[in-house]
Amino acid sequence: MTDPVDLEAYLDPNKRIQMKLEMSLSGLGKTGVVLAIIDAIEYSDANAGLVRYFEKADMPGVIVSVNKPLVDLICKLPPTPFVQNKIEFVDCISQMSGAPELEGPHYNYLESPQQLVELSVLLNKLFQKIEGNKFLVVDSLSTLLIYNKPEAITKFVHSIANKIRTEKVLGVLLIIKTEDNMDVIKILSQFSDSVIEVRDHQASLK
Amino acid sequence: MAIPKKEPLEEVKFEDSSVAKPNRTQTGIPGLDDLLGGGIPEGNLVVVSGDPGAGKTSFCIEFLYNGVVKYGENGVYISLEESEPEIVKQAAYYGFDFIPLIKDRRLKIETIQLYDFEKLKNAIEETVDSVKARRIVIDPGVVFRLFFEKELEARKSILDLGRMLKRLGGTTIITNEITLENSHSLFGLEEYVADGVVLLYHTKIENRFIRSVGVLKMRGTKISEKLHPLELGLNGLKVLSKQELFEEL
């Protein structure tokens, strides 16, 4: 943290969170379910940091975007060969919101965040498409909870947790911590191999 | 009145493989045969009950088409409502071309709009015999209600129909309407005659519809007790037999 190269990143709240995520993940194995609980007022995007982490590890994977349409998410990611060829994107929001849909061999669309069965089937298909160890990022369970009942989400997570373990996946499930979803977080923690809390210390001092 | 002579019961041996493990009529519908232990036991009469738009007619179309094309079993579609061209068109929409099967006399579609139940039974028997059908579909079964004014008469006749169909030896599907709110039994057919009941749900949950399938009963089969997601796409029905539903219906 005293490295002058990191100082600018440390002062930027979003980059700070990304660095903390990277640090937390680096201590984990290559497979398993990680529940990443994020407690940050200004935090809006973990994907760039996570992509950077997995790119360094040269681990291909899947990003499920419920928060942002793919057209916005792709803009925020560096246009590297890793992003263009080694990540399968699943967009759960564009068709529902009317956002433009990008065309490409690695872009997959669902009609809405309520299609949990379809999402589960698609993840299974994508896990089998990608060989070797792979990652999964779900951004975010909090947004899925807006469109689905907590019971459905906990069943969904339990179901994909088993797939994550059998298909050599490191699954990072992002969830924003709020007063309303503490019970859900407790249940989801039971299904997870690791729980990491990423706190924006500077933000909490405000 | 003379008491009819009873024929001696055929000796059934427990170790007879056809008793312990019946031959199965595969539906060929992706995922469905997994729920049925490999298929419907041959000769069973199965009621397929479903909500409007749940996929009952698609089920029938695929069952017959796959029967001819995949398993070499001729079939008949007894339609109590739609005409042959309408059924052929609906099958074509899902990619199932009935026309060559009809030309080769492997499949016959018969539209029967008589309101005489005895004539209906005779027509069914003749049609089945004309192509030596091993698969029979009667759709939609709710039209049976138009044949009867009295419930008791209806029940007796439906039970009689059921016995006739089983005597014909083919594997039979009869469709019925059902919703989660109202269950309209086909005059006791499901309870007393049918060997199997398959339920197709098309349920509204908040702002969307969800399709699912369940097997309520199937004689000679260890069935799944769960509802499973069901897809109805341009290629017909697909049961996600290894997938569970996440929402409560």
# chains A, B, ... in the order shown; residues from 1 in each chain; ligands from 1

$ closest_atom_pairs --of "chain A" --to "chain B" --cutoff "10 Å" --atoms "only C-alpha atoms" --output "Markdown table"
| residue | atom | partner | partner_atom | distance |
| --- | --- | --- | --- | --- |
| A:Gln114 | CA | B:Arg208 | CA | 8.7 |
| A:Gln115 | CA | B:Ile210 | CA | 9.4 |
| A:Leu116 | CA | B:Phe246 | CA | 7.1 |
| A:Val117 | CA | B:Leu245 | CA | 6.7 |
| A:Glu118 | CA | B:Pro229 | CA | 9.4 |
| A:Ser120 | CA | B:Gln243 | CA | 8.2 |
| A:Val121 | CA | B:Gln243 | CA | 7.7 |
| A:Asn148 | CA | B:Glu247 | CA | 8.5 |
| A:Lys149 | CA | B:Glu247 | CA | 7.9 |
| A:Pro150 | CA | B:Glu247 | CA | 9.8 |
| A:Glu151 | CA | B:Glu247 | CA | 7.6 |
| A:Ala152 | CA | B:Phe246 | CA | 4.8 |
| A:Ile153 | CA | B:Phe246 | CA | 7.5 |
| A:Thr154 | CA | B:Phe246 | CA | 8.6 |
| A:Lys155 | CA | B:Phe246 | CA | 5.8 |
| A:Phe156 | CA | B:Phe246 | CA | 6.2 |
| A:Val157 | CA | B:Phe246 | CA | 9.8 |
| A:Ser159 | CA | B:Glu244 | CA | 8.4 |

$ select_by_dssp --residues "region 138-208 of chain B" --states "helix (DSSP H, G or I)" --output "PDB file with C-alpha atoms, in the first residue's frame"
ATOM      1  CA  GLY B 141     -60.338 -35.223 -24.986  1.00  0.00           C
ATOM      2  CA  VAL B 142     -62.448 -32.391 -23.481  1.00  0.00           C
ATOM      3  CA  VAL B 143     -64.742 -32.674 -26.500  1.00  0.00           C
ATOM      4  CA  PHE B 144     -66.033 -35.919 -24.971  1.00  0.00           C
ATOM      5  CA  ARG B 145     -68.162 -33.698 -22.745  1.00  0.00           C
ATOM      6  CA  LEU B 146     -70.220 -32.744 -25.793  1.00  0.00           C
ATOM      7  CA  PHE B 147     -71.254 -36.346 -26.301  1.00  0.00           C
ATOM      8  CA  GLU B 151     -72.549 -37.743 -15.905  1.00  0.00           C
ATOM      9  CA  LEU B 152     -73.219 -41.422 -15.203  1.00  0.00           C
ATOM     10  CA  GLU B 153     -73.702 -42.239 -18.875  1.00  0.00           C
ATOM     11  CA  ALA B 154     -70.486 -40.346 -19.618  1.00  0.00           C
ATOM     12  CA  ARG B 155     -68.506 -42.263 -17.055  1.00  0.00           C
ATOM     13  CA  LYS B 156     -69.688 -45.638 -18.296  1.00  0.00           C
ATOM     14  CA  SER B 157     -68.939 -44.772 -21.904  1.00  0.00           C
ATOM     15  CA  ILE B 158     -65.519 -43.327 -21.183  1.00  0.00           C
ATOM     16  CA  LEU B 159     -64.558 -46.394 -19.179  1.00  0.00           C
ATOM     17  CA  ASP B 160     -65.740 -48.500 -22.095  1.00  0.00           C
ATOM     18  CA  LEU B 161     -63.634 -46.438 -24.498  1.00  0.00           C
ATOM     19  CA  GLY B 162     -60.633 -46.903 -22.265  1.00  0.00           C
ATOM     20  CA  ARG B 163     -61.090 -50.661 -22.287  1.00  0.00           C
ATOM     21  CA  MET B 164     -61.465 -50.688 -26.062  1.00  0.00           C
ATOM     22  CA  LEU B 165     -58.279 -48.679 -26.533  1.00  0.00           C
ATOM     23  CA  LYS B 166     -56.340 -51.035 -24.319  1.00  0.00           C
ATOM     24  CA  ARG B 167     -57.729 -53.981 -26.235  1.00  0.00           C
ATOM     25  CA  LEU B 168     -56.374 -52.432 -29.443  1.00  0.00           C
ATOM     26  CA  LEU B 189     -60.608 -41.661 -17.052  1.00  0.00           C
ATOM     27  CA  GLU B 190     -57.514 -40.460 -15.216  1.00  0.00           C
ATOM     28  CA  GLU B 191     -58.456 -42.063 -11.950  1.00  0.00           C
ATOM     29  CA  TYR B 192     -59.877 -45.413 -13.011  1.00  0.00           C
ATOM     30  CA  VAL B 193     -58.737 -46.356 -16.502  1.00  0.00           C
TER      31      VAL B 193
END

$ select_by_dssp --residues "region 46-239 of chain B" --states "strand (DSSP E or B)" --output "PyMOL selection string"
chain B and resi 46-50+75-79+107-111+135-139+171-178+183+196-205+208-218+228-233+236-239

$ residues_around --residues "region 167-169 of chain A" --least-positions-apart "2" --cutoff "9 Å" --atoms "only C-alpha atoms" --output "VMD selection string"
chain A and resid 30 to 33 61 124 127 to 128 132 to 136 162 to 165 171

$ write_last_selection --atoms "all heavy atoms" --output "compact mmCIF listing (two decimals), in the first residue's frame"
# COMPACT_ATOMS: atom_id res chain seq x y z
N LYS A 30 -8.04 -22.70 -7.22
CA LYS A 30 -8.51 -22.46 -8.59
C LYS A 30 -9.96 -22.85 -8.81
O LYS A 30 -10.51 -22.60 -9.88
CB LYS A 30 -7.62 -23.24 -9.56
CG LYS A 30 -6.25 -22.62 -9.75
CD LYS A 30 -5.50 -23.30 -10.87
CE LYS A 30 -4.20 -22.57 -11.11
NZ LYS A 30 -3.39 -23.21 -12.16
N THR A 31 -10.55 -23.52 -7.85
CA THR A 31 -11.97 -23.89 -8.01
C THR A 31 -12.70 -23.62 -6.70
O THR A 31 -12.09 -23.55 -5.64
CB THR A 31 -12.14 -25.38 -8.38
OG1 THR A 31 -11.66 -26.17 -7.29
CG2 THR A 31 -11.41 -25.75 -9.65
N GLY A 32 -14.00 -23.49 -6.82
CA GLY A 32 -14.82 -23.30 -5.64
C GLY A 32 -15.74 -22.11 -5.78
O GLY A 32 -15.68 -21.36 -6.76
N VAL A 33 -16.58 -21.95 -4.77
CA VAL A 33 -17.57 -20.87 -4.79
C VAL A 33 -17.11 -19.78 -3.83
O VAL A 33 -16.87 -20.05 -2.65
CB VAL A 33 -18.96 -21.39 -4.36
CG1 VAL A 33 -19.98 -20.26 -4.40
CG2 VAL A 33 -19.40 -22.54 -5.25
N GLY A 61 -13.11 -17.66 -18.84
CA GLY A 61 -14.30 -17.81 -18.00
C GLY A 61 -15.55 -17.15 -18.55
O GLY A 61 -15.64 -16.82 -19.74
N ASN A 124 -24.19 -24.15 -17.66
CA ASN A 124 -23.75 -25.54 -17.82
C ASN A 124 -23.11 -25.74 -19.20
O ASN A 124 -22.04 -26.35 -19.34
CB ASN A 124 -24.95 -26.46 -17.66
CG ASN A 124 -24.56 -27.80 -17.12
OD1 ASN A 124 -23.62 -27.92 -16.34
ND2 ASN A 124 -25.26 -28.83 -17.56
N PHE A 127 -19.75 -23.83 -19.36
CA PHE A 127 -18.70 -24.51 -18.58
C PHE A 127 -18.13 -25.68 -19.39
O PHE A 127 -16.93 -25.96 -19.35
CB PHE A 127 -19.24 -25.04 -17.26
CG PHE A 127 -19.59 -23.99 -16.24
CD1 PHE A 127 -20.43 -24.29 -15.18
CD2 PHE A 127 -19.10 -22.70 -16.34
CE1 PHE A 127 -20.77 -23.33 -14.24
CE2 PHE A 127 -19.42 -21.73 -15.41
CZ PHE A 127 -20.26 -22.05 -14.35
N GLN A 128 -19.00 -26.36 -20.10
CA GLN A 128 -18.52 -27.51 -20.87
C GLN A 128 -17.81 -27.07 -22.14
O GLN A 128 -16.97 -27.79 -22.68
CB GLN A 128 -19.69 -28.45 -21.18
CG GLN A 128 -20.10 -29.18 -19.92
CD GLN A 128 -21.34 -30.03 -20.10
OE1 GLN A 128 -21.89 -30.14 -21.18
NE2 GLN A 128 -21.77 -30.66 -19.02
N GLY A 132 -10.57 -26.93 -19.26
CA GLY A 132 -9.67 -26.65 -18.14
C GLY A 132 -10.32 -25.80 -17.06
O GLY A 132 -11.53 -25.68 -16.99
N ASN A 133 -9.45 -25.22 -16.22
CA ASN A 133 -9.96 -24.36 -15.16
C ASN A 133 -10.54 -23.08 -15.75
O ASN A 133 -9.99 -22.53 -16.71
CB ASN A 133 -8.83 -24.01 -14.18
CG ASN A 133 -8.43 -25.21 -13.34
OD1 ASN A 133 -7.55 -25.96 -13.71
ND2 ASN A 133 -9.12 -25.40 -12.23
N LYS A 134 -11.62 -22.62 -15.16
CA LYS A 134 -12.27 -21.41 -15.68
C LYS A 134 -12.91 -20.64 -14.53
O LYS A 134 -13.10 -21.20 -13.45
CB LYS A 134 -13.30 -21.76 -16.76
CG LYS A 134 -14.47 -22.60 -16.25
CD LYS A 134 -14.89 -23.66 -17.26
CE LYS A 134 -14.19 -24.95 -16.94
NZ LYS A 134 -14.60 -26.16 -17.54
N PHE A 135 -13.23 -19.39 -14.79
CA PHE A 135 -13.87 -18.59 -13.75
C PHE A 135 -15.31 -18.31 -14.14
O PHE A 135 -15.72 -18.43 -15.30
CB PHE A 135 -13.10 -17.27 -13.53
CG PHE A 135 -13.26 -16.24 -14.63
CD1 PHE A 135 -14.35 -15.38 -14.66
CD2 PHE A 135 -12.32 -16.13 -15.64
CE1 PHE A 135 -14.51 -14.45 -15.67
CE2 PHE A 135 -12.46 -15.20 -16.66
CZ PHE A 135 -13.56 -14.36 -16.67
N LEU A 136 -16.05 -17.91 -13.12
CA LEU A 136 -17.41 -17.40 -13.32
C LEU A 136 -17.55 -16.17 -12.43
O LEU A 136 -17.20 -16.22 -11.26
CB LEU A 136 -18.47 -18.43 -12.91
CG LEU A 136 -19.90 -17.90 -12.76
CD1 LEU A 136 -20.49 -17.51 -14.10
CD2 LEU A 136 -20.81 -18.93 -12.07
N ASN A 162 -22.99 -26.54 -7.12
CA ASN A 162 -22.60 -27.91 -7.41
C ASN A 162 -21.96 -28.02 -8.79
O ASN A 162 -20.99 -28.76 -8.98
CB ASN A 162 -23.83 -28.83 -7.31
CG ASN A 162 -24.30 -28.95 -5.88
OD1 ASN A 162 -23.50 -29.00 -4.95
ND2 ASN A 162 -25.61 -28.95 -5.68
N LYS A 163 -22.48 -27.25 -9.74
CA LYS A 163 -21.89 -27.29 -11.09
C LYS A 163 -20.50 -26.67 -11.07
O LYS A 163 -19.59 -27.14 -11.75
CB LYS A 163 -22.77 -26.49 -12.06
CG LYS A 163 -24.06 -27.19 -12.40
CD LYS A 163 -24.91 -26.38 -13.36
CE LYS A 163 -26.26 -27.09 -13.46
NZ LYS A 163 -27.30 -26.36 -14.06
N ILE A 164 -20.33 -25.61 -10.28
CA ILE A 164 -19.04 -24.94 -10.17
C ILE A 164 -17.98 -25.94 -9.68
O ILE A 164 -16.87 -26.00 -10.20
CB ILE A 164 -19.14 -23.73 -9.22
CG1 ILE A 164 -19.82 -22.56 -9.94
CG2 ILE A 164 -17.78 -23.31 -8.68
CD1 ILE A 164 -20.19 -21.39 -9.05
N ARG A 165 -18.34 -26.73 -8.72
CA ARG A 165 -17.35 -27.66 -8.15
C ARG A 165 -17.03 -28.79 -9.11
O ARG A 165 -15.89 -29.23 -9.19
CB ARG A 165 -17.87 -28.22 -6.83
CG ARG A 165 -17.95 -27.15 -5.76
CD ARG A 165 -18.31 -27.70 -4.39
NE ARG A 165 -18.56 -26.57 -3.50
CZ ARG A 165 -19.77 -26.18 -3.10
NH1 ARG A 165 -20.84 -26.85 -3.49
NH2 ARG A 165 -19.93 -25.13 -2.32
N GLY A 171 -15.86 -19.69 -9.00
CA GLY A 171 -17.04 -18.86 -9.16
C GLY A 171 -17.05 -17.71 -8.16
O GLY A 171 -17.00 -17.95 -6.96

$ atom_distance --atom1 "CA of Ser24 (chain A)" --atom2 "CA of Asp183 (chain A)"
23.3 Å

$ residues_around --residues "Ile173 (chain B)" --least-positions-apart "3" --cutoff "9 Å" --atoms "only C-alpha atoms" --output "MDAnalysis selection string"
chainID B and resid 44:48 60 63 135:139

$ closest_residue --among "B:Gly31, B:Glu42, B:Asp195, B:His202" --to "Leu216 (chain B)" --atoms "only C-alpha atoms"
B:Asp195
